[in-house]
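A.B. asks: The file below is protein.json, JSON, C-alpha atoms:
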[["chain", "number", "residue", "atom", "x", "y", "z"],
["A", 206, "MET", "CA", -1.97, -18.50, 25.92],
["A", 207, "LYS", "CA", 0.41, -17.47, 23.14],
["A", 208, "LYS", "CA", -0.94, -17.15, 19.62],
["A", 209, "PRO", "CA", 0.69, -19.42, 17.04],
["A", 210, "VAL", "CA", 3.51, -18.05, 14.93],
["A", 211, "ALA", "CA", 2.07, -15.92, 12.12],
["A", 212, "VAL", "CA", 3.08, -16.94, 8.60],
["A", 213, "LEU", "CA", 3.33, -14.24, 5.94],
["A", 214, "THR", "CA", 4.32, -14.46, 2.29],
["A", 215, "ASP", "CA", 3.75, -12.77, -1.06],
["A", 216, "SER", "CA", 1.00, -13.19, -3.65],
["A", 217, "THR", "CA", 3.64, -14.73, -5.96],
["A", 218, "ALA", "CA", 3.69, -17.90, -3.84],
["A", 219, "SER", "CA", 0.53, -18.57, -5.92],
["A", 220, "LEU", "CA", -1.12, -20.69, -3.23],
["A", 221, "PRO", "CA", -4.77, -21.65, -3.78],
["A", 222, "GLU", "CA", -7.17, -19.41, -1.84],
["A", 223, "ALA", "CA", -8.68, -22.34, 0.06],
["A", 224, "MET", "CA", -5.24, -23.30, 1.35],
["A", 225, "LEU", "CA", -4.46, -19.73, 2.44],
["A", 226, "ALA", "CA", -7.65, -19.69, 4.48],
["A", 227, "GLU", "CA", -7.24, -23.19, 5.90],
["A", 228, "LEU", "CA", -3.66, -22.58, 7.07],
["A", 229, "ASN", "CA", -4.09, -18.95, 8.18],
["A", 230, "ILE", "CA", -1.46, -17.70, 5.74],
["A", 231, "ARG", "CA", -1.28, -13.93, 5.24],
["A", 232, "THR", "CA", -0.16, -12.54, 1.87],
["A", 233, "VAL", "CA", 1.15, -9.21, 0.65],
["A", 234, "ALA", "CA", 0.31, -8.32, -2.96],
["A", 235, "TYR", "CA", 2.83, -7.55, -5.68],
["A", 236, "TYR", "CA", 2.22, -4.60, -8.02],
["A", 237, "ILE", "CA", 1.56, -4.87, -11.75],
["A", 238, "HIS", "CA", 2.00, -1.72, -13.87],
["A", 239, "ARG", "CA", -0.10, -2.00, -17.02],
["A", 240, "GLY", "CA", 0.41, 1.24, -18.89],
["A", 241, "GLN", "CA", -0.89, 3.95, -16.53],
["A", 242, "GLU", "CA", -2.83, 1.38, -14.51],
["A", 243, "VAL", "CA", -1.48, 0.05, -11.21],
["A", 244, "LEU", "CA", -2.91, -3.33, -10.23],
["A", 245, "ARG", "CA", -2.45, -5.34, -7.03],
["A", 246, "ASP", "CA", -1.75, -9.00, -7.67],
["A", 247, "LEU", "CA", -4.79, -11.18, -6.75],
["A", 248, "VAL", "CA", -6.47, -8.15, -5.14],
["A", 249, "THR", "CA", -7.56, -5.82, -7.94],
["A", 250, "VAL", "CA", -6.79, -8.31, -10.72],
["A", 251, "GLN", "CA", -7.49, -12.04, -10.78],
["A", 252, "ARG", "CA", -5.89, -14.87, -12.74],
["A", 253, "GLU", "CA", -8.48, -15.52, -15.45],
["A", 254, "GLU", "CA", -9.13, -11.93, -16.51],
["A", 255, "PHE", "CA", -5.42, -11.12, -16.55],
["A", 256, "LEU", "CA", -4.57, -14.22, -18.59],
["A", 257, "GLN", "CA", -7.22, -13.35, -21.17],
["A", 258, "TRP", "CA", -5.75, -9.87, -21.52],
["A", 259, "LEU", "CA", -2.15, -11.15, -21.63],
["A", 260, "MET", "CA", -2.88, -13.55, -24.50],
["A", 261, "SER", "CA", -3.60, -10.66, -26.84],
["A", 262, "ALA", "CA", -1.57, -7.92, -25.15],
["A", 263, "ARG", "CA", 0.39, -5.57, -27.40],
["A", 264, "PHE", "CA", 2.87, -4.69, -24.64],
["A", 265, "LEU", "CA", 4.24, -6.41, -21.58],
["A", 266, "PRO", "CA", 3.36, -4.94, -18.19],
["A", 267, "THR", "CA", 6.03, -4.56, -15.52],
["A", 268, "THR", "CA", 5.91, -5.88, -11.98],
["A", 269, "ALA", "CA", 7.20, -4.52, -8.70],
["A", 270, "SER", "CA", 7.59, -6.11, -5.32],
["A", 271, "PRO", "CA", 5.76, -4.66, -2.33],
["A", 272, "GLY", "CA", 7.68, -1.92, -0.54],
["A", 273, "PRO", "CA", 8.82, -1.76, 3.09],
["A", 274, "GLY", "CA", 5.62, 0.11, 3.97],
["A", 275, "ASP", "CA", 3.46, -2.74, 2.66],
["A", 276, "TYR", "CA", 5.28, -5.28, 4.82],
["A", 277, "PHE", "CA", 5.39, -2.96, 7.83],
["A", 278, "GLU", "CA", 1.62, -2.55, 7.62],
["A", 279, "ALA", "CA", 1.13, -6.33, 7.40],
["A", 280, "TYR", "CA", 3.46, -6.94, 10.37],
["A", 281, "GLN", "CA", 1.63, -4.32, 12.42],
["A", 282, "GLU", "CA", -1.74, -5.92, 11.67],
["A", 283, "LEU", "CA", -0.46, -9.31, 12.80],
["A", 284, "ALA", "CA", 1.04, -7.78, 15.95],
["A", 285, "ASP", "CA", -2.27, -6.00, 16.67],
["A", 286, "GLU", "CA", -3.99, -9.38, 16.44],
["A", 287, "GLY", "CA", -1.73, -10.66, 19.22],
["A", 288, "HIS", "CA", 1.02, -12.45, 17.32],
["A", 289, "GLU", "CA", 4.41, -12.12, 19.00],
["A", 290, "GLU", "CA", 6.32, -14.13, 16.40],
["A", 291, "ILE", "CA", 6.17, -13.84, 12.60],
["A", 292, "VAL", "CA", 7.94, -15.78, 9.86],
["A", 293, "SER", "CA", 8.07, -13.85, 6.58],
["A", 294, "ILE", "CA", 8.86, -16.00, 3.53],
["A", 295, "HIS", "CA", 9.81, -14.51, 0.14],
["A", 296, "MET", "CA", 10.87, -15.32, -3.40],
["A", 297, "THR", "CA", 14.50, -15.28, -4.47],
["A", 298, "SER", "CA", 16.25, -11.98, -3.77],
["A", 299, "LYS", "CA", 18.04, -12.38, -7.13],
["A", 300, "ALA", "CA", 14.80, -11.74, -9.03],
["A", 301, "SER", "CA", 12.84, -9.46, -6.71],
["A", 302, "GLY", "CA", 13.24, -6.78, -4.06],
["A", 303, "ALA", "CA", 10.68, -8.40, -1.74],
["A", 304, "TYR", "CA", 13.21, -9.91, 0.65],
["A", 305, "GLN", "CA", 15.09, -6.62, 0.99],
["A", 306, "ALA", "CA", 11.85, -4.65, 1.50],
["A", 307, "ALA", "CA", 10.66, -7.11, 4.15],
["A", 308, "THR", "CA", 14.03, -6.84, 5.92],
["A", 309, "VAL", "CA", 13.68, -3.04, 6.07],
["A", 310, "ALA", "CA", 10.16, -3.46, 7.47],
["A", 311, "GLN", "CA", 11.54, -5.91, 10.04],
["A", 312, "SER", "CA", 13.98, -3.20, 11.25],
["A", 313, "MET", "CA", 11.13, -0.66, 11.41],
["A", 314, "MET", "CA", 9.15, -3.08, 13.57],
["A", 315, "GLN", "CA", 12.13, -3.67, 15.87],
["A", 316, "GLU", "CA", 12.16, 0.04, 16.63],
["A", 317, "GLN", "CA", 8.40, 0.46, 17.11],
["A", 318, "ARG", "CA", 7.29, -2.97, 18.35],
["A", 319, "PRO", "CA", 10.39, -4.60, 19.90],
["A", 320, "GLU", "CA", 8.25, -7.25, 21.61],
["A", 321, "VAL", "CA", 7.43, -8.79, 18.19],
["A", 322, "LYS", "CA", 10.06, -11.16, 16.80],
["A", 323, "ILE", "CA", 10.21, -11.43, 13.00],
["A", 324, "GLU", "CA", 12.36, -13.76, 10.87],
["A", 325, "VAL", "CA", 12.62, -12.91, 7.15],
["A", 326, "ILE", "CA", 13.60, -15.76, 4.79],
["A", 327, "ASP", "CA", 14.92, -15.63, 1.22],
["A", 328, "THR", "CA", 13.74, -18.95, -0.30],
["A", 329, "ARG", "CA", 16.11, -18.62, -3.30],
["A", 330, "ASN", "CA", 13.15, -19.88, -5.31],
["A", 331, "VAL", "CA", 9.77, -18.89, -6.74],
["A", 332, "SER", "CA", 6.09, -19.79, -7.09],
["A", 333, "LEU", "CA", 5.04, -23.06, -5.45],
["A", 334, "CYS", "CA", 8.60, -23.84, -4.33],
["A", 335, "GLN", "CA", 8.25, -20.77, -2.17],
["A", 336, "GLY", "CA", 4.67, -21.93, -1.61],
["A", 337, "TRP", "CA", 5.70, -25.35, -0.25],
["A", 338, "MET", "CA", 7.94, -23.67, 2.31],
["A", 339, "VAL", "CA", 5.05, -21.45, 3.34],
["A", 340, "ILE", "CA", 2.71, -24.46, 3.63],
["A", 341, "GLU", "CA", 5.19, -26.37, 5.79],
["A", 342, "ALA", "CA", 5.75, -23.30, 7.98],
["A", 343, "ALA", "CA", 2.01, -22.78, 8.42],
["A", 344, "ARG", "CA", 1.39, -26.42, 9.30],
["A", 345, "ALA", "CA", 4.21, -26.28, 11.84],
["A", 346, "ALA", "CA", 2.77, -23.09, 13.33],
["A", 347, "LEU", "CA", -0.68, -24.67, 13.68],
["A", 348, "ALA", "CA", 0.98, -27.68, 15.36],
["A", 349, "GLY", "CA", 2.37, -25.31, 17.98],
["A", 350, "LEU", "CA", 6.03, -25.09, 16.94],
["A", 351, "ARG", "CA", 7.80, -21.88, 17.89],
["A", 352, "LEU", "CA", 9.60, -19.52, 15.55],
["A", 353, "ASP", "CA", 13.13, -20.94, 15.75],
["A", 354, "ARG", "CA", 11.94, -24.47, 14.95],
["A", 355, "ILE", "CA", 9.82, -23.24, 12.02],
["A", 356, "VAL", "CA", 12.71, -21.22, 10.58],
["A", 357, "GLU", "CA", 14.96, -24.27, 10.89],
["A", 358, "ARG", "CA", 12.40, -26.38, 9.02],
["A", 359, "VAL", "CA", 12.03, -23.85, 6.20],
["A", 360, "ARG", "CA", 15.79, -23.34, 5.80],
["A", 361, "ALA", "CA", 16.26, -27.11, 5.51],
["A", 362, "MET", "CA", 13.85, -27.08, 2.54],
["A", 363, "ILE", "CA", 15.69, -24.39, 0.56],
["A", 364, "PRO", "CA", 18.40, -26.63, -0.98],
["A", 365, "ILE", "CA", 16.04, -29.53, -1.77],
["A", 366, "THR", "CA", 12.94, -27.77, -3.16],
["A", 367, "ARG", "CA", 13.11, -27.57, -6.94],
["A", 368, "MET", "CA", 11.22, -26.07, -9.85],
["A", 369, "ILE", "CA", 11.08, -27.38, -13.41],
["A", 370, "GLN", "CA", 8.88, -25.76, -16.06],
["A", 371, "THR", "CA", 8.38, -25.43, -19.77],
["A", 372, "ALA", "CA", 6.58, -23.08, -22.13],
["A", 373, "ASP", "CA", 6.16, -22.57, -25.86],
["A", 374, "THR", "CA", 8.40, -19.50, -25.60],
["A", 375, "LEU", "CA", 10.78, -17.88, -23.15],
["A", 376, "LYS", "CA", 10.18, -14.41, -24.59],
["A", 377, "TYR", "CA", 8.21, -13.30, -21.53],
["A", 378, "LEU", "CA", 11.07, -14.17, -19.16],
["A", 379, "TYR", "CA", 13.50, -12.51, -21.55],
["A", 380, "MET", "CA", 11.47, -9.32, -21.99],
["A", 381, "GLY", "CA", 10.93, -9.07, -18.25],
["A", 382, "GLY", "CA", 14.65, -9.39, -17.55],
["A", 383, "ARG", "CA", 14.25, -12.61, -15.52],
["A", 384, "ILE", "CA", 15.90, -15.03, -17.93],
["A", 385, "GLY", "CA", 19.03, -15.57, -15.81],
["A", 386, "LYS", "CA", 21.45, -18.14, -17.24],
["A", 387, "ALA", "CA", 18.93, -19.54, -19.77],
["A", 388, "LYS", "CA", 19.37, -16.66, -22.24],
["A", 389, "HIS", "CA", 20.72, -18.89, -25.01],
["A", 390, "LEU", "CA", 17.44, -20.86, -25.08],
["A", 391, "VAL", "CA", 15.40, -17.81, -26.14],
["A", 392, "GLY", "CA", 16.08, -18.31, -29.82],
["A", 393, "THR", "CA", 15.17, -22.01, -29.88],
["A", 394, "LEU", "CA", 12.95, -23.17, -32.72],
["A", 395, "LEU", "CA", 9.20, -23.30, -32.28],
["A", 396, "ASN", "CA", 9.15, -27.10, -32.21],
["A", 397, "ILE", "CA", 11.66, -27.19, -29.33],
["A", 398, "LYS", "CA", 10.35, -26.93, -25.77],
["A", 399, "PRO", "CA", 12.91, -25.50, -23.36],
["A", 400, "LEU", "CA", 13.11, -26.79, -19.80],
["A", 401, "ILE", "CA", 14.17, -24.34, -17.12],
["A", 402, "GLY", "CA", 14.75, -24.56, -13.39],
["A", 403, "MET", "CA", 16.27, -22.52, -10.62],
["A", 404, "GLU", "CA", 19.59, -22.89, -8.86],
["A", 405, "ASP", "CA", 20.72, -20.64, -6.05],
["A", 406, "GLY", "CA", 17.94, -18.18, -6.83],
["A", 407, "GLU", "CA", 18.59, -17.83, -10.54],
["A", 408, "ILE", "CA", 16.87, -19.23, -13.65],
["A", 409, "VAL", "CA", 18.98, -21.95, -15.28],
["A", 410, "PRO", "CA", 18.51, -24.11, -18.42],
["A", 411, "LEU", "CA", 17.75, -27.79, -17.84],
["A", 412, "GLY", "CA", 17.64, -28.90, -21.46],
["A", 413, "VAL", "CA", 15.18, -29.03, -24.34],
["A", 414, "ALA", "CA", 12.56, -31.44, -25.65],
["A", 415, "ARG", "CA", 10.98, -31.82, -29.09],
["A", 416, "SER", "CA", 7.39, -31.74, -27.87],
["A", 417, "ARG", "CA", 5.28, -30.90, -24.84],
["A", 418, "SER", "CA", 4.86, -34.56, -23.97],
["A", 419, "GLY", "CA", 8.61, -35.04, -24.32],
["A", 420, "ALA", "CA", 9.17, -32.11, -21.97],
["A", 421, "TYR", "CA", 6.77, -33.60, -19.41],
["A", 422, "GLN", "CA", 8.48, -36.99, -19.68],
["A", 423, "ALA", "CA", 11.83, -35.32, -19.05],
["A", 424, "MET", "CA", 10.38, -33.50, -16.04],
["A", 425, "ALA", "CA", 9.02, -36.73, -14.58],
["A", 426, "GLU", "CA", 12.42, -38.37, -15.04],
["A", 427, "LYS", "CA", 14.20, -35.48, -13.33],
["A", 428, "VAL", "CA", 11.84, -35.71, -10.36],
["A", 429, "ALA", "CA", 12.36, -39.48, -10.16],
["A", 430, "GLU", "CA", 16.12, -39.02, -10.33],
["A", 431, "ALA", "CA", 16.07, -36.45, -7.51],
["A", 432, "VAL", "CA", 13.73, -38.46, -5.27],
["A", 433, "GLY", "CA", 15.23, -41.90, -5.93],
["A", 434, "LYS", "CA", 13.36, -44.58, -3.99],
["A", 435, "GLY", "CA", 11.94, -41.97, -1.63],
["A", 436, "LYS", "CA", 8.70, -40.00, -1.71],
["A", 437, "ALA", "CA", 7.83, -36.47, -2.76],
["A", 438, "ARG", "CA", 5.38, -33.65, -2.39],
["A", 439, "VAL", "CA", 4.61, -32.11, -5.77],
["A", 440, "ALA", "CA", 2.79, -28.94, -6.81],
["A", 441, "TYR", "CA", 1.82, -28.65, -10.48],
["A", 442, "VAL", "CA", 1.83, -25.04, -11.62],
["A", 443, "HIS", "CA", 0.48, -23.47, -14.79],
["A", 444, "ALA", "CA", -0.74, -20.33, -16.53],
["A", 445, "GLY", "CA", -3.98, -21.21, -18.30],
["A", 446, "ALA", "CA", -2.79, -24.78, -18.92],
["A", 447, "ARG", "CA", -4.71, -26.94, -16.48],
["A", 448, "GLN", "CA", -5.11, -29.84, -18.92],
["A", 449, "GLU", "CA", -1.39, -29.80, -19.62],
["A", 450, "VAL", "CA", -0.40, -30.12, -15.95],
["A", 451, "GLU", "CA", -2.94, -32.94, -15.57],
["A", 452, "LYS", "CA", -0.90, -34.82, -18.23],
["A", 453, "LEU", "CA", 2.29, -34.01, -16.38],
["A", 454, "ARG", "CA", 0.75, -35.18, -13.12],
["A", 455, "ARG", "CA", -0.09, -38.57, -14.62],
["A", 456, "MET", "CA", 3.46, -39.03, -15.92],
["A", 457, "VAL", "CA", 5.04, -38.11, -12.58],
["A", 458, "SER", "CA", 2.71, -40.39, -10.61],
["A", 459, "GLU", "CA", 3.87, -43.34, -12.75],
["A", 460, "LYS", "CA", 7.50, -42.79, -11.77],
["A", 461, "VAL", "CA", 7.42, -41.27, -8.29],
["A", 462, "GLN", "CA", 5.67, -42.08, -5.01],
["A", 463, "VAL", "CA", 3.84, -38.81, -4.42],
["A", 464, "VAL", "CA", 2.50, -38.47, -0.86],
["A", 465, "GLU", "CA", 0.79, -35.13, -1.49],
["A", 466, "ASP", "CA", 0.13, -33.05, -4.56],
["A", 467, "LEU", "CA", -1.81, -30.00, -5.60],
["A", 468, "ILE", "CA", -2.50, -27.99, -8.74],
["A", 469, "ALA", "CA", -2.17, -24.22, -8.66],
["A", 470, "GLU", "CA", -2.34, -21.47, -11.23],
["A", 471, "LEU", "CA", 0.38, -18.84, -11.14],
["A", 472, "SER", "CA", -0.53, -15.40, -9.87],
["A", 473, "PRO", "CA", -0.83, -12.60, -12.50],
["A", 474, "ALA", "CA", 2.49, -11.07, -11.35],
["A", 475, "LEU", "CA", 4.25, -14.32, -12.31],
["A", 476, "MET", "CA", 2.22, -14.78, -15.50],
["A", 477, "VAL", "CA", 3.78, -11.53, -16.73],
["A", 478, "HIS", "CA", 7.15, -13.28, -16.79],
["A", 479, "THR", "CA", 6.18, -16.83, -17.78],
["A", 480, "GLY", "CA", 3.50, -16.05, -20.33],
["A", 481, "PRO", "CA", 0.31, -18.04, -21.10],
["A", 482, "GLY", "CA", 0.60, -21.80, -21.50],
["A", 483, "THR", "CA", 3.38, -22.34, -18.99],
["A", 484, "ALA", "CA", 3.30, -25.72, -17.24],
["A", 485, "GLY", "CA", 5.63, -27.07, -14.61],
["A", 486, "LEU", "CA", 6.10, -28.41, -11.14],
["A", 487, "CYS", "CA", 7.67, -27.62, -7.80],
["A", 488, "PHE", "CA", 8.66, -30.53, -5.59],
["A", 489, "PHE", "CA", 10.72, -31.68, -2.64],
["A", 490, "PRO", "CA", 11.61, -35.15, -1.36],
["A", 491, "VAL", "CA", 10.15, -36.27, 1.96],
["A", 492, "GLU", "CA", 11.08, -39.04, 4.37],
["A", 493, "GLY", "CA", 8.77, -41.84, 5.46]]
Taking this structure as input, can you express it in the form of structure tokens?

C.D. replies:
Amino acid sequence: MKKPVAVLTDSTASLPEAMLAELNIRTVAYYIHRGQEVLRDLVTVQREEFLQWLMSARFLPTTASPGPGDYFEAYQELADEGHEEIVSIHMTSKASGAYQAATVAQSMMQEQRPEVKIEVIDTRNVSLCQGWMVIEAARAALAGLRLDRIVERVRAMIPITRMIQTADTLKYLYMGGRIGKAKHLVGTLLNIKPLIGMEDGEIVPLGVARSRSGAYQAMAEKVAEAVGKGKARVAYVHAGARQEVEKLRRMVSEKVQVVEDLIAELSPALMVHTGPGTAGLCFFPVEG
């Protein structure tokens, strides 16, 4: 009997550990360079300790995607376990080299293990938007769907899965070179909360609010506008701001019929770019 399709992603999908275990999702860790120290995201550094350090850090670490060798090793392990099909799901190629590295590893596997079929997907998104696609892929794999059907399902989610987030400052995104088209919001006054999203794999501005609660209200309205009279799955994401996303969750639930939600804290490799206090959501509309 064939093993189910293996689902692999990166630590930056920021999925809760319990969900990774429950859905048999394999992750490959990003690298964080902190001075002379090289850390592996969610392997040698965890969320809480990194956040505590980041809040008083005098310099910003840099991040690097896994290399082809990291993905090749992960693919080999899955193949050794008996998986003949693998779907490999990654953050936007416009902000990271993960997709390219995974594609190189896919070619290496074709040469050495031609019996293993691998599909590599650029989600054109980040964090729990990428995470939702991984979750849906893993659920489909456990339900017995084959690779082509799973890939089809994930690709259909790419244009409709959206991120909206806010923070007290965009300096972390700016310093890390990930600010995209929202550069003009960097200099906004302290009492203005910028809203950002992602379109076609790039950070874009979605407006500003005069307070955190105003920003959350605007987020809830944007979700309601996108979903209409339909339903949605929503992931609330944060960096040391659990109470804030609980407020956001309440506002969204008043305006939108949410059929499934979850709260997740960003991985340290994403915290580098968002900074402490970030709160937001990743959602997609669902039928029925």

A.B. asks: Got a sec: who's within 9 Å of range 304-315 of chain A, counting only C-alpha atoms, leaving out chain neighbours fewer than 4 positions off, as a CSV table (one decimal) with C-alpha atoms, in the coordinates of the input?

C.D. replies:
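Once written, part.csv looks like this:
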chain,number,residue,atom,x,y,z
A,270,SER,CA,7.6,-6.1,-5.3
A,271,PRO,CA,5.8,-4.7,-2.3
A,272,GLY,CA,7.7,-1.9,-0.5
A,273,PRO,CA,8.8,-1.8,3.1
A,274,GLY,CA,5.6,0.1,4.0
A,275,ASP,CA,3.5,-2.7,2.7
A,276,TYR,CA,5.3,-5.3,4.8
A,277,PHE,CA,5.4,-3.0,7.8
A,278,GLU,CA,1.6,-2.6,7.6
A,280,TYR,CA,3.5,-6.9,10.4
A,281,GLN,CA,1.6,-4.3,12.4
A,293,SER,CA,8.1,-13.8,6.6
A,294,ILE,CA,8.9,-16.0,3.5
A,295,HIS,CA,9.8,-14.5,0.1
A,296,MET,CA,10.9,-15.3,-3.4
A,297,THR,CA,14.5,-15.3,-4.5
A,298,SER,CA,16.2,-12.0,-3.8
A,319,PRO,CA,10.4,-4.6,19.9
A,320,GLU,CA,8.2,-7.2,21.6
A,321,VAL,CA,7.4,-8.8,18.2
A,322,LYS,CA,10.1,-11.2,16.8
A,323,ILE,CA,10.2,-11.4,13.0
A,324,GLU,CA,12.4,-13.8,10.9
A,325,VAL,CA,12.6,-12.9,7.2
A,326,ILE,CA,13.6,-15.8,4.8
A,327,ASP,CA,14.9,-15.6,1.2

A.B. asks: Distance CA of Cys487 in chain A-CA of Ala342 in chain A, one decimal place?

C.D. replies: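 If I compute the distance from CA of Cys487 in chain A to CA of Ala342 in chain A, I get 16.5 Å.
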
A.B. asks: Residues proximal to (10.4, -43.4, 0.2) were defined as those with any atom within 7 Å of that point in the file's coordinates, counting all atoms listed in the file. Which are they, as a list in words?

C.D. replies: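 The distance filter leaves exactly Lys434, Gly435, Lys436, Glu492 and Gly493 of chain A.
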
A.B. asks: For range 330-338 of chain A, list every protein, DNA or RNA residue within 6 Å, evaluated using all atoms listed in the file, and leave out those in the same chain fewer than 3 positions away; present the list as number ranges by chain.

C.D. replies: A: 217-219, 296-297, 341, 359, 366, 406, 487

A.B. asks: One decimal, in Å: what's the spacing between CA of Leu467 in chain A and CA of Glu407 in chain A?

C.D. replies: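 Between these atoms lies a distance of 24.3 Å.
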
A.B. asks: May I ask which of the residues A:Arg417, A:His478, A:Arg354, A:Arg239 is the closest one to Ala262 in chain A, counting only C-alpha atoms?

C.D. replies: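 Looking only at the distances to Ala262 in chain A, the closest residue turns out to be A:Arg239.
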
A.B. asks: To one decimal in Å, tell me the separation between CA of Ser216 in chain A and CA of Gln317 in chain A.

C.D. replies: 25.9 Å

A.B. asks: Between A:His443, A:Arg455, A:Arg358, A:Arg438, which residue has the minimum interatomic distance to Tyr421 in chain A, considering all atoms listed in the file?

C.D. replies: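 Between A:His443, A:Arg455, A:Arg358, A:Arg438, the residue approaching Tyr421 in chain A most closely is A:Arg455.
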